[in-house]
Amino acid sequence: MLRPEERIALLKNCRFLAAAPGPMLEQLAERAELMQVASESPIVKAGETGSAMYIIASGRVRVHDGEVSLAELGPGELFGEMTVLDEDVRSATVTAVEDCRLLSIERDMLFDALAEHPSGFEGILQAVLQRERGIVEDVRRRTERLLGYQKEMEIGRKIQADFLPDSIPAVDGWDVAAFFDAAREVAGDFYDVFRLPTTGHLALVIGDVCDKGVGAALYMSLFRSLIRATAMQGYFEAEAADAAEPGPPSEAGRVLVNAIQTTNRYIAVTHPKSSMFASVFFGLLDPQTGELSYINAGHESPIIYRCQGSKDILELSGGVLGLFPGVRFSVAEVKLEPGDLLLAYTDGVNEAKDSAGDQFGDDRVLEMDAPWPGAADAFLGEVFARIRKFRGQTPASDDITMFAVKRISGAKTG
């Protein structure tokens, strides 16, 4: 229970009623209802009509829009006053954070008190104006912070772009193209194409870090840098050899296993608390022979569109990178003949959704023409055009990254 003098003191200390005359406060204190609200119980809900405002006598409440917290209020603070004044629906949900006691004042109570004590209007008007000024100032501060975040995100986008190749190496007898479309300012997808100076192989890398946003973008740069650095160094670690599936220790296979195993082990051992991982396809192409050695570490299966019209799927050869240091990987091999085209892509392609929530799917990717008569970049453009047509007005929900490698008819077979 609250004694009458405690109720009056609570009303007097409330910013909304601080300037109200004493007799008006006494009248409201007498008529206000004392409520007991249990922790985690909703008090008002967004979108519902309301006729009461609430002053917190004890405990704390959370003002929120769904899972987004807008404010936390404690003893002496008020909520729901605007609904009482303009009879609009509630703009937010208020939930008790702990057991609370509230004074509830109905619209009729307030206007009856104002009718008997008109001088109270001025104090309430001042309180409303002060509230609006506070909202304007809060919007200004939030806008400044948002502009700052946008500037930082733009800087992050430019830095991330530096981790993607500026250009793709030109290789006689081969047409290589890449496509990258981020769903947000920064992305978790990555790709890389580079020549190994020691062997002359063309390295082909595509990956997708779990989650989205800034965290995924940071790990994207780490995964991409580790794979390139370990592949370019060209050494072979015994630990990596032990983790490989039995098979012929070709030079390309040693480079692949070293790069993938070292990257996996580094992330899993050094950053275990992050639980960040990436699916990666890493291939080494011998431009002279068309032989492609690869590891598919939990990634979407690339497709080879054969010159005869058939299509081959490059299946998984190991798990994703970054979770378990002892994961084993096997190296697979395939050969690209003149006229063949290899497509690798992230799940932003096959999981693109239309307005009904249906996915583009791997089958639609497989429907692309084989053999493909045009250039590799035209092939990627056609895939993206089909995705956009399927998606319609539905915005992209994930990054889309692809690369295509076509062996030009008539190239040397070695």
# chains A, B, ... in the order shown; residues from 1 in each chain; ligands from 1

$ residues_around --residues "Val176 in chain A" --least-positions-apart "2" --cutoff "8 Å" --atoms "only C-alpha atoms" --output "JSON list (two decimals) with C-alpha atoms, in the first residue's frame"
[["chain", "number", "residue", "atom", "x", "y", "z"],
["A", 168, "ILE", "CA", 42.09, -11.62, -62.72],
["A", 170, "ALA", "CA", 45.24, -13.47, -67.94],
["A", 174, "TRP", "CA", 41.48, -19.71, -70.58],
["A", 178, "ALA", "CA", 34.18, -13.31, -61.32],
["A", 376, "ALA", "CA", 32.70, -16.54, -68.98],
["A", 377, "ASP", "CA", 31.55, -13.08, -67.84],
["A", 403, "PHE", "CA", 33.44, -17.27, -60.66],
["A", 404, "ALA", "CA", 33.48, -19.03, -64.01],
["A", 405, "VAL", "CA", 36.44, -20.64, -65.76],
["A", 406, "LYS", "CA", 36.11, -21.62, -69.41]]

$ residues_around --residues "Asp312 in chain A" --least-positions-apart "4" --cutoff "7 Å" --atoms "only C-alpha atoms" --output "number ranges by chain"
A: 303-305

$ residues_around --residues "range 338-344 of chain A" --least-positions-apart "6" --cutoff "10 Å" --atoms "only C-alpha atoms" --output "PyMOL selection string"
chain A and resi 173-178+191+204-207+281+290+299-314+365+370-376+379-380+401-413

$ closest_residue --among "A:Lys353, A:Arg15, A:Arg265, A:His271" --to "Ile124 in chain A" --atoms "only C-alpha atoms"
A:Arg15

$ select_by_dssp --residues "range 163-329 of chain A" --states "helix (DSSP H, G or I)" --output "PyMOL selection string"
chain A and resi 213-233+238-243+251-270+272-274

$ closest_residue --among "A:Ser104, A:Thr346, A:Ser317, A:Asn264" --to "Tyr294 in chain A" --atoms "only C-alpha atoms"
A:Ser317

$ residues_around --residues "Leu164 in chain A" --least-positions-apart "5" --cutoff "9 Å" --atoms "only C-alpha atoms" --output "PyMOL selection string"
chain A and resi 190-192+221+224

$ write_last_selection --atoms "N, CA and C atoms" --output "compact mmCIF listing (two decimals), in the first residue's frame"
# COMPACT_ATOMS: atom_id res chain seq x y z
N PHE A 190 33.79 -14.25 -50.20
CA PHE A 190 35.06 -13.82 -50.78
C PHE A 190 35.43 -14.75 -51.93
N TYR A 191 36.27 -14.25 -52.80
CA TYR A 191 36.84 -15.07 -53.86
C TYR A 191 38.25 -14.57 -54.12
N ASP A 192 39.04 -15.39 -54.75
CA ASP A 192 40.41 -14.99 -55.09
C ASP A 192 40.86 -15.81 -56.30
N SER A 221 38.14 -11.49 -44.40
CA SER A 221 39.50 -11.03 -44.73
C SER A 221 40.55 -11.96 -44.13
N ARG A 224 40.53 -15.38 -46.24
CA ARG A 224 41.09 -15.16 -47.56
C ARG A 224 42.60 -14.95 -47.49
